[in-house]
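The file query.cif comes next; it holds mmCIF, C-alpha atoms and all ligand atoms.
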data_data
#
loop_
_atom_site.label_atom_id
_atom_site.label_comp_id
_atom_site.auth_asym_id
_atom_site.auth_seq_id
_atom_site.Cartn_x
_atom_site.Cartn_y
_atom_site.Cartn_z
CA MET J 28 126.71 51.87 136.75
CA ASN J 29 126.36 52.76 140.36
CA SER J 30 128.66 50.92 142.67
CA ASP J 31 127.02 50.21 145.99
CA LYS J 32 129.67 48.77 148.22
CA GLY J 33 127.28 48.53 151.16
CA GLU J 34 129.30 51.03 153.18
CA SER J 35 127.74 53.56 155.45
CA ASP J 36 129.08 56.40 157.55
CA ARG J 37 128.79 54.21 160.63
CA ASP J 38 131.57 52.01 159.29
CA PHE J 39 134.07 54.86 159.47
CA ASP J 40 135.16 57.48 161.90
CA VAL J 41 133.99 60.59 160.09
CA SER J 42 134.57 63.13 162.86
CA GLY J 43 136.55 66.05 161.54
CA VAL J 44 136.11 64.99 157.92
CA ALA J 45 134.39 67.52 155.69
CA ALA J 46 131.36 66.28 153.80
CA SER J 47 132.33 65.16 150.33
CA GLY J 48 130.95 66.92 147.25
CA PRO J 49 127.42 66.13 146.18
CA LEU J 50 126.99 63.11 143.94
CA HIS J 51 124.09 62.15 141.72
CA GLY J 52 120.91 64.14 142.18
CA GLN J 53 122.34 67.02 144.18
CA ARG J 54 124.59 69.13 142.02
CA GLU J 55 124.18 72.87 142.27
CA ASP J 56 125.35 73.39 138.70
CA GLY J 57 122.89 70.77 137.40
CA PHE J 58 125.66 68.90 135.53
CA ARG J 59 124.52 65.49 134.34
CA SER J 60 126.41 62.35 133.43
CA GLY J 61 125.51 58.84 132.50
CA PHE J 62 125.40 55.99 130.03
CA VAL J 63 123.36 55.43 126.91
CA SER J 64 123.43 52.18 124.94
CA PHE J 65 122.27 51.85 121.36
CA VAL J 66 120.65 48.59 120.45
CA GLY J 67 118.91 47.36 117.36
CA ARG J 68 119.17 44.67 114.78
CA PRO J 69 122.37 44.41 112.74
CA ASN J 70 122.94 47.30 110.34
CA ALA J 71 120.38 49.51 112.10
CA GLY J 72 122.84 52.41 112.19
CA LYS J 73 123.96 52.28 115.81
CA SER J 74 127.67 52.81 115.18
CA THR J 75 127.08 55.61 112.69
CA LEU J 76 124.85 57.40 115.18
CA THR J 77 127.43 57.00 117.93
CA ASN J 78 130.03 58.56 115.65
CA ALA J 79 127.70 61.40 114.68
CA LEU J 80 127.05 62.21 118.34
CA VAL J 81 130.70 62.02 119.35
CA GLY J 82 131.88 63.76 116.18
CA SER J 83 134.82 61.45 115.54
CA LYS J 84 135.37 57.99 114.19
CA VAL J 85 135.47 55.85 117.30
CA VAL J 86 133.24 52.94 116.49
CA ILE J 87 133.71 50.85 113.39
CA THR J 88 130.89 50.97 110.87
CA SER J 89 130.39 48.80 107.86
CA SER J 90 127.66 48.03 105.38
CA ARG J 91 127.54 44.45 106.67
CA PRO J 92 125.90 43.19 109.85
CA GLN J 93 127.62 42.27 113.09
CA THR J 94 130.94 43.94 112.81
CA THR J 95 130.70 45.54 116.22
CA ARG J 96 131.92 42.91 118.64
CA THR J 97 133.57 44.89 121.37
CA VAL J 98 131.76 47.28 123.68
CA VAL J 99 133.31 50.60 122.74
CA ARG J 100 132.21 53.84 124.34
CA GLY J 101 132.12 57.18 122.69
CA ILE J 102 132.00 60.17 125.02
CA VAL J 103 130.10 63.39 124.31
CA HIS J 104 131.58 66.27 126.31
CA ARG J 105 129.27 69.24 126.82
CA ASP J 106 129.26 72.21 129.15
CA ASP J 107 126.20 70.84 130.91
CA ALA J 108 126.74 67.10 130.66
CA GLN J 109 128.84 64.10 129.83
CA LEU J 110 127.09 61.50 127.74
CA ILE J 111 128.83 58.14 127.54
CA LEU J 112 127.71 56.02 124.62
CA VAL J 113 128.05 52.29 124.84
CA ASP J 114 127.90 50.60 121.48
CA THR J 115 126.88 46.97 121.75
CA PRO J 116 126.84 44.14 119.24
CA GLY J 117 123.59 43.59 117.39
CA LEU J 118 121.35 41.24 119.35
CA HIS J 119 120.32 38.24 117.30
CA ARG J 120 118.98 34.74 117.63
CA PRO J 121 122.05 32.82 118.81
CA ARG J 122 123.25 30.00 116.57
CA THR J 123 126.77 29.58 117.93
CA LEU J 124 128.45 29.93 121.28
CA LEU J 125 129.80 33.26 120.12
CA GLY J 126 126.22 34.36 119.42
CA GLU J 127 125.13 33.42 122.93
CA ARG J 128 128.07 35.23 124.53
CA LEU J 129 127.31 38.34 122.51
CA ASN J 130 123.67 38.29 123.58
CA ASP J 131 124.64 37.94 127.25
CA LEU J 132 127.00 40.86 126.85
CA VAL J 133 124.21 42.96 125.37
CA LYS J 134 121.75 42.25 128.17
CA THR J 135 124.30 42.91 130.90
CA THR J 136 124.94 46.28 129.31
CA TRP J 137 121.22 47.13 129.21
CA ALA J 138 120.76 46.63 132.94
CA GLU J 139 123.73 48.84 133.79
CA VAL J 140 123.06 51.91 131.68
CA ASP J 141 120.73 54.85 132.25
CA VAL J 142 119.09 54.81 128.81
CA VAL J 143 118.70 52.14 126.14
CA ALA J 144 117.97 53.58 122.71
CA VAL J 145 116.56 51.12 120.17
CA CYS J 146 117.38 51.94 116.55
CA PHE J 147 114.79 51.13 113.87
CA PRO J 148 115.93 52.02 110.34
CA ALA J 149 113.21 54.13 108.68
CA ASN J 150 113.87 52.65 105.25
CA GLU J 151 112.95 49.15 106.45
CA LYS J 152 109.78 47.69 107.91
CA ILE J 153 109.69 46.63 111.55
CA GLY J 154 110.37 42.89 111.50
CA PRO J 155 110.69 39.81 113.71
CA GLY J 156 114.27 40.81 114.56
CA ASP J 157 113.07 44.12 116.03
CA ARG J 158 110.26 42.40 117.91
CA PHE J 159 112.77 39.92 119.39
CA ILE J 160 114.98 42.75 120.66
CA VAL J 161 112.14 44.81 122.12
CA ASN J 162 110.66 41.74 123.82
CA GLU J 163 114.03 41.05 125.46
CA LEU J 164 114.40 44.71 126.39
CA ALA J 165 110.96 44.77 128.01
CA LYS J 166 112.39 42.37 130.62
CA VAL J 167 114.89 45.03 131.72
CA ARG J 168 112.49 47.10 133.82
CA ARG J 169 114.41 49.99 135.33
CA THR J 170 116.25 51.40 132.34
CA ILE J 171 114.70 54.28 130.36
CA LYS J 172 113.82 53.22 126.82
CA VAL J 173 113.98 55.50 123.79
CA ALA J 174 113.06 54.55 120.24
CA VAL J 175 115.16 56.08 117.45
CA ALA J 176 113.97 55.97 113.85
CA THR J 177 117.33 55.99 112.06
CA LYS J 178 118.31 56.72 108.42
CA THR J 179 115.38 59.09 107.83
CA ASP J 180 117.24 60.47 104.79
CA LEU J 181 116.42 57.18 103.06
CA ALA J 182 112.65 57.43 103.63
CA THR J 183 109.81 59.71 102.48
CA PRO J 184 107.87 61.76 105.06
CA GLU J 185 104.93 59.34 104.63
CA GLN J 186 107.17 56.36 105.27
CA ILE J 187 108.64 58.06 108.34
CA GLY J 188 105.13 58.77 109.67
CA GLU J 189 104.08 55.15 109.24
CA HIS J 190 107.35 53.99 110.74
CA LEU J 191 106.81 56.07 113.89
CA LEU J 192 103.31 54.64 114.29
CA ALA J 193 104.67 51.11 113.85
CA ILE J 194 107.29 51.76 116.55
CA GLN J 195 104.58 53.04 118.87
CA ALA J 196 102.45 49.95 118.15
CA LEU J 197 105.42 47.66 118.82
CA GLY J 198 105.91 49.37 122.19
CA ALA J 199 102.25 48.81 123.11
CA GLU J 200 102.33 45.21 121.92
CA THR J 201 105.40 44.31 123.96
CA GLY J 202 104.59 46.35 127.06
CA THR J 203 107.53 48.69 126.44
CA GLU J 204 107.05 52.29 127.43
CA TRP J 205 109.00 54.54 125.04
CA ALA J 206 110.08 57.67 126.90
CA GLU J 207 110.54 59.27 123.45
CA ILE J 208 110.34 58.28 119.80
CA VAL J 209 112.87 60.33 117.81
CA PRO J 210 113.48 60.32 114.03
CA VAL J 211 117.12 61.06 113.06
CA SER J 212 119.56 60.83 110.20
CA ALA J 213 123.15 60.39 111.33
CA VAL J 214 124.39 60.80 107.75
CA ALA J 215 122.45 64.02 107.03
CA GLY J 216 122.94 65.26 110.60
CA ASP J 217 119.18 65.72 111.08
CA GLN J 218 117.97 65.78 114.68
CA VAL J 219 121.25 64.38 116.02
CA GLN J 220 121.65 67.40 118.30
CA LEU J 221 118.06 67.05 119.49
CA LEU J 222 118.70 63.41 120.32
CA ALA J 223 121.74 64.40 122.39
CA ASP J 224 119.62 66.96 124.28
CA ILE J 225 116.94 64.35 124.95
CA PHE J 226 119.48 61.86 126.27
CA VAL J 227 121.11 64.47 128.49
CA GLY J 228 117.73 65.32 130.00
CA MET J 229 117.35 61.66 131.00
CA LEU J 230 120.70 61.34 132.76
CA PRO J 231 121.04 61.67 136.51
CA GLU J 232 122.82 64.71 137.90
CA GLY J 233 126.42 63.90 138.61
CA PRO J 234 130.05 64.83 137.96
CA PRO J 235 131.93 64.09 134.72
CA LEU J 236 133.05 60.47 134.78
CA TYR J 237 135.86 60.76 132.23
CA PRO J 238 138.61 63.34 131.72
CA ASP J 239 137.78 66.17 129.35
CA GLY J 240 138.71 65.37 125.77
CA ASP J 241 138.52 61.58 126.01
CA LEU J 242 136.58 60.23 123.04
CA SER J 243 136.56 56.60 123.98
CA ASP J 244 137.90 54.46 126.79
CA ALA J 245 138.40 51.51 124.53
CA PRO J 246 142.03 50.51 124.92
CA GLU J 247 144.11 51.50 121.94
CA GLU J 248 144.74 47.81 121.25
CA ALA J 249 141.00 47.21 120.85
CA ILE J 250 140.63 50.16 118.50
CA ALA J 251 143.60 48.96 116.43
CA ALA J 252 142.21 45.40 116.33
CA GLU J 253 138.84 46.64 115.10
CA LEU J 254 140.43 48.78 112.40
CA ILE J 255 142.52 45.83 111.21
CA ARG J 256 139.44 43.59 111.19
CA GLU J 257 137.50 46.15 109.19
CA ALA J 258 140.32 46.34 106.63
CA ALA J 259 140.65 42.54 106.49
CA LEU J 260 136.92 42.16 105.83
CA GLU J 261 136.89 44.72 103.04
CA GLY J 262 135.97 43.05 99.77
CA VAL J 263 135.73 39.51 101.19
CA ARG J 264 132.69 39.87 103.44
CA ASP J 265 130.63 37.53 101.28
CA GLU J 266 133.25 34.82 101.52
CA LEU J 267 134.19 35.32 105.17
CA PRO J 268 131.15 36.93 106.77
CA HIS J 269 131.88 36.37 110.47
CA SER J 270 135.03 34.30 110.37
CA ILE J 271 137.71 36.88 111.06
CA ALA J 272 138.96 37.84 114.50
CA VAL J 273 141.98 40.04 115.21
CA VAL J 274 144.22 39.99 118.25
CA VAL J 275 146.83 42.68 118.81
CA GLU J 276 149.69 40.67 120.29
CA GLU J 277 151.98 43.58 121.02
CA MET J 278 151.80 47.34 120.74
CA SER J 279 154.61 49.60 121.89
CA LEU J 280 156.54 52.70 120.95
CA ARG J 281 159.82 51.84 119.22
CA GLU J 282 162.76 52.50 121.55
CA ASP J 283 165.67 54.81 120.77
CA ARG J 284 163.63 57.09 118.52
CA ASP J 285 163.87 60.84 118.34
CA PRO J 286 160.94 61.97 120.57
CA ASP J 287 159.73 64.18 117.72
CA LYS J 288 159.52 61.15 115.43
CA PRO J 289 157.78 58.41 117.38
CA LEU J 290 156.94 55.09 115.76
CA LEU J 291 154.34 52.72 117.12
CA ASP J 292 155.06 49.03 116.54
CA ILE J 293 151.96 46.87 116.29
CA HIS J 294 152.12 43.10 115.90
CA ALA J 295 148.73 41.57 115.24
CA SER J 296 147.30 38.20 114.31
CA VAL J 297 144.38 37.84 111.93
CA TYR J 298 142.52 34.64 112.81
CA VAL J 299 140.45 32.70 110.32
CA GLU J 300 138.59 29.44 110.85
CA ARG J 301 139.90 27.30 108.01
CA ASP J 302 143.02 26.86 105.90
CA SER J 303 141.07 27.78 102.77
CA GLN J 304 140.18 31.14 104.31
CA LYS J 305 143.82 31.87 105.02
CA GLY J 306 144.49 31.98 101.29
CA ILE J 307 141.64 34.41 100.74
CA VAL J 308 142.94 36.82 103.36
CA ILE J 309 146.54 36.62 102.14
CA GLY J 310 145.71 36.83 98.41
CA HIS J 311 147.90 36.16 95.39
CA LYS J 312 151.54 36.34 96.51
CA GLY J 313 150.44 38.21 99.62
CA SER J 314 148.97 41.12 97.67
CA ARG J 315 145.71 41.27 99.62
CA LEU J 316 147.34 41.11 103.01
CA ARG J 317 149.69 43.93 102.00
CA GLN J 318 146.69 46.06 101.03
CA VAL J 319 144.93 45.20 104.30
CA GLY J 320 148.07 46.21 106.18
CA THR J 321 148.35 49.53 104.35
CA ASP J 322 144.66 50.37 104.81
CA ALA J 323 144.64 49.43 108.48
CA ARG J 324 147.89 51.28 109.14
CA LYS J 325 146.53 54.51 107.67
CA GLN J 326 143.35 54.21 109.74
CA ILE J 327 145.26 53.53 112.96
CA GLU J 328 147.66 56.41 112.29
CA ALA J 329 144.75 58.77 111.73
CA MET J 330 143.03 57.53 114.88
CA LEU J 331 146.03 57.59 117.23
CA GLY J 332 148.00 60.40 115.59
CA THR J 333 151.28 58.45 115.51
CA PRO J 334 153.16 56.82 112.62
CA VAL J 335 152.69 53.07 112.80
CA PHE J 336 154.69 50.02 111.78
CA LEU J 337 152.15 47.24 111.37
CA ASP J 338 153.10 43.58 111.24
CA LEU J 339 150.23 41.24 110.34
CA ARG J 340 150.23 37.43 110.60
CA VAL J 341 147.38 35.25 109.41
CA LYS J 342 146.63 32.25 111.61
CA VAL J 343 144.06 29.49 111.59
CA ALA J 344 142.05 28.87 114.77
CA LYS J 345 139.85 25.98 113.76
CA GLU J 346 136.12 26.64 114.27
CA TRP J 347 136.90 29.41 116.73
CA GLN J 348 133.29 30.54 116.92
CA ARG J 349 132.25 27.25 118.50
CA ASP J 350 135.18 26.64 120.82
CA PRO J 351 135.01 28.20 124.33
CA ARG J 352 138.76 28.11 124.79
CA GLN J 353 139.45 29.86 121.51
CA LEU J 354 136.71 32.40 122.19
CA ARG J 355 138.31 33.34 125.50
CA LYS J 356 141.68 33.70 123.85
CA LEU J 357 140.19 35.94 121.18
CA GLY J 358 138.65 38.15 123.84
CA PHE J 359 135.01 37.04 123.85
N1 LIG U 1 121.76 56.86 104.40
C1 LIG U 1 122.08 56.58 105.65
N2 LIG U 1 122.82 55.49 105.89
C2 LIG U 1 123.13 55.21 107.18
C3 LIG U 1 122.71 56.02 108.26
N3 LIG U 1 123.17 55.48 109.40
C4 LIG U 1 123.86 54.37 109.05
N4 LIG U 1 123.84 54.20 107.72
C5 LIG U 1 124.48 53.12 106.95
O1 LIG U 1 123.96 51.87 107.35
C6 LIG U 1 124.99 50.88 107.42
C7 LIG U 1 125.06 50.26 108.80
O2 LIG U 1 125.41 51.25 109.74
P1 LIG U 1 126.17 50.91 111.11
O3 LIG U 1 126.24 52.17 111.88
O4 LIG U 1 127.40 50.14 110.86
O5 LIG U 1 125.09 49.91 111.77
P2 LIG U 1 125.16 49.12 113.15
O6 LIG U 1 123.78 49.10 113.67
O7 LIG U 1 126.21 49.70 114.02
O8 LIG U 1 125.57 47.68 112.61
P3 LIG U 1 126.14 46.40 113.41
O9 LIG U 1 127.49 46.77 113.92
O10 LIG U 1 126.18 45.37 112.35
O11 LIG U 1 125.16 46.06 114.48
C8 LIG U 1 126.27 51.58 107.01
O12 LIG U 1 126.48 51.34 105.63
C9 LIG U 1 125.97 53.04 107.26
O13 LIG U 1 126.69 53.90 106.42
C10 LIG U 1 121.93 57.20 107.95
O14 LIG U 1 121.51 57.98 108.81
N5 LIG U 1 121.65 57.40 106.63
#

Let's see the structure in the file written out as C-alpha cells.
Amino acid sequence: MNSDKGESDRDFDVSGVAASGPLHGQREDGFRSGFVSFVGRPNAGKSTLTNALVGSKVVITSSRPQTTRTVVRGIVHRDDAQLILVDTPGLHRPRTLLGERLNDLVKTTWAEVDVVAVCFPANEKIGPGDRFIVNELAKVRRTIKVAVATKTDLATPEQIGEHLLAIQALGAETGTEWAEIVPVSAVAGDQVQLLADIFVGMLPEGPPLYPDGDLSDAPEEAIAAELIREAALEGVRDELPHSIAVVVEEMSLREDRDPDKPLLDIHASVYVERDSQKGIVIGHKGSRLRQVGTDARKQIEAMLGTPVFLDLRVKVAKEWQRDPRQLRKLGF
C-alpha cells in the first residue's frame, strides 16, 4: 500500500528543512508494519484466524460460506511491529454480478498487501476450489505467499502430514512459491503466535500505520451492519443462503442524554430479494425479527461498549444480487 505520488525533492525547496524520519527499510529500532490478507475457499477459517491473531471479535465468523463481504481489517499491535490483517471474501467461481465484484475486490487486495496467506483446512482434502484460488494468486507476482493449514485440531497428525505435502505439491503444480507452510489451529490456539512472528518477519520496516489500540478501521456502521446480518441469517441460512444484505441508514448518539448514560440510536434496513423471504425474516407476528434485533443489539453493545437502541426494517430489493444499481446502493 505504498503511495508513490511521483514527487521528488527537486519539486520542492527543501533548503533549511530537516530530513524527515526514516520510512520503510531504514528504521533504527527495526519496527515493522504492513498488510497481510487471508484468502481461501469459503469456510476455510480465515475470519476465525484473524480474530485469534487480533484477540478480539472483529470479523464475523459463521459456519456457512461467504458471510464475509466487507474488507475488514484487524490490527495486531506489538512492541516490534504492527500487523494489519485484511479479511477478504472467499474467492469463488462467479455466477452473479455480485460474485464478479467480490472476486475483483479480492484480487485488488492481493496486489496491494505485503503477504497473502492462503488457508487450507486440514480436515478437508485440497480441491478444485483451492486450485482455482492458487492459480489466480500465482498471477500476482510480487506479493509474498504463505500457505496456512488451518483447523489442525480437526485432523490427525498423519492427515496433517499428508495435507502439508499436498499443499507443497499444489504450489509446485501452479508455479507458486510458498515462503512458508504453517499448520495452525485458531480454535485451539496452536501455532497462532508462531504465525504472527512469521508474518512480522515478512513485513517491511516502517512506522506504525494506525493509532495504538485500534482493533479495526472498519467504520462502526460496517461492523454494526455485519453483526445485524449475522443475527438475521441465524437459523435461516438454508432458506436464505446469500440473499440478505444490511444497510445502516443512520447511527448517532441520542441527544440530551446524561453523558454518563449514552445511548446509540441505530436505524438499519435488512434487505431481502423476494416478498416471500420478507416473511421468513420477520417471522410469526414479528417474533423472529424481534429476536434478531435483540441478538444483534447485544453483539453491537459488546463490540462498541455503548447501550444501543436498534430499529430494524425489512425491505425487498428485487434480485439485488444481479442488479448493478442495487449493488452499489448496498455498498458493493
Ligand atoms: N475446529 C476448528 N474450527 C474452526 C477453526 N477455524 C475455523 N473454524 C470453524 O470453521 C467455520 C468457518 O470459519 P470462518 O472463520 O468463518 O471461515 P472463513 O474462511 O472466514 O469463511 P468465509 O467468510 O465464508 O469465507 C466456523 O464454524 C469456525 O468456527 C479451527 O481452527 N478449528

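Take CA of Ala249 in chain J and CA of Val275 in chain J: the distance between them is 7.7 Å.
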
J:Gly262, J:Pro286, J:Gly156, J:Pro148 ranked by distance to Val211 in chain J, top pick (using only C-alpha atoms):
J:Pro148

Residue nearest ligand LIG 1 (chain U) - candidates J:Leu221, J:Leu197, J:Val175, J:Ile153, atoms counted: all atoms listed in the file:
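Nearest to ligand LIG 1 (chain U): J:Val175.
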
For each of J:Leu181, J:Ala329, J:Val219, J:Val140, take the minimum atom-to-atom distance to ligand LIG 1 (chain U), counting all atoms listed in the file, then give the residue where this is smallest.
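The answer is J:Leu181, which sits nearest to ligand LIG 1 (chain U).
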
Between J:Glu248, J:Glu300, J:Asp141, J:Asp285, which has the minimum distance to Leu112 in chain J (counting all atoms listed in the file)?
J:Asp141
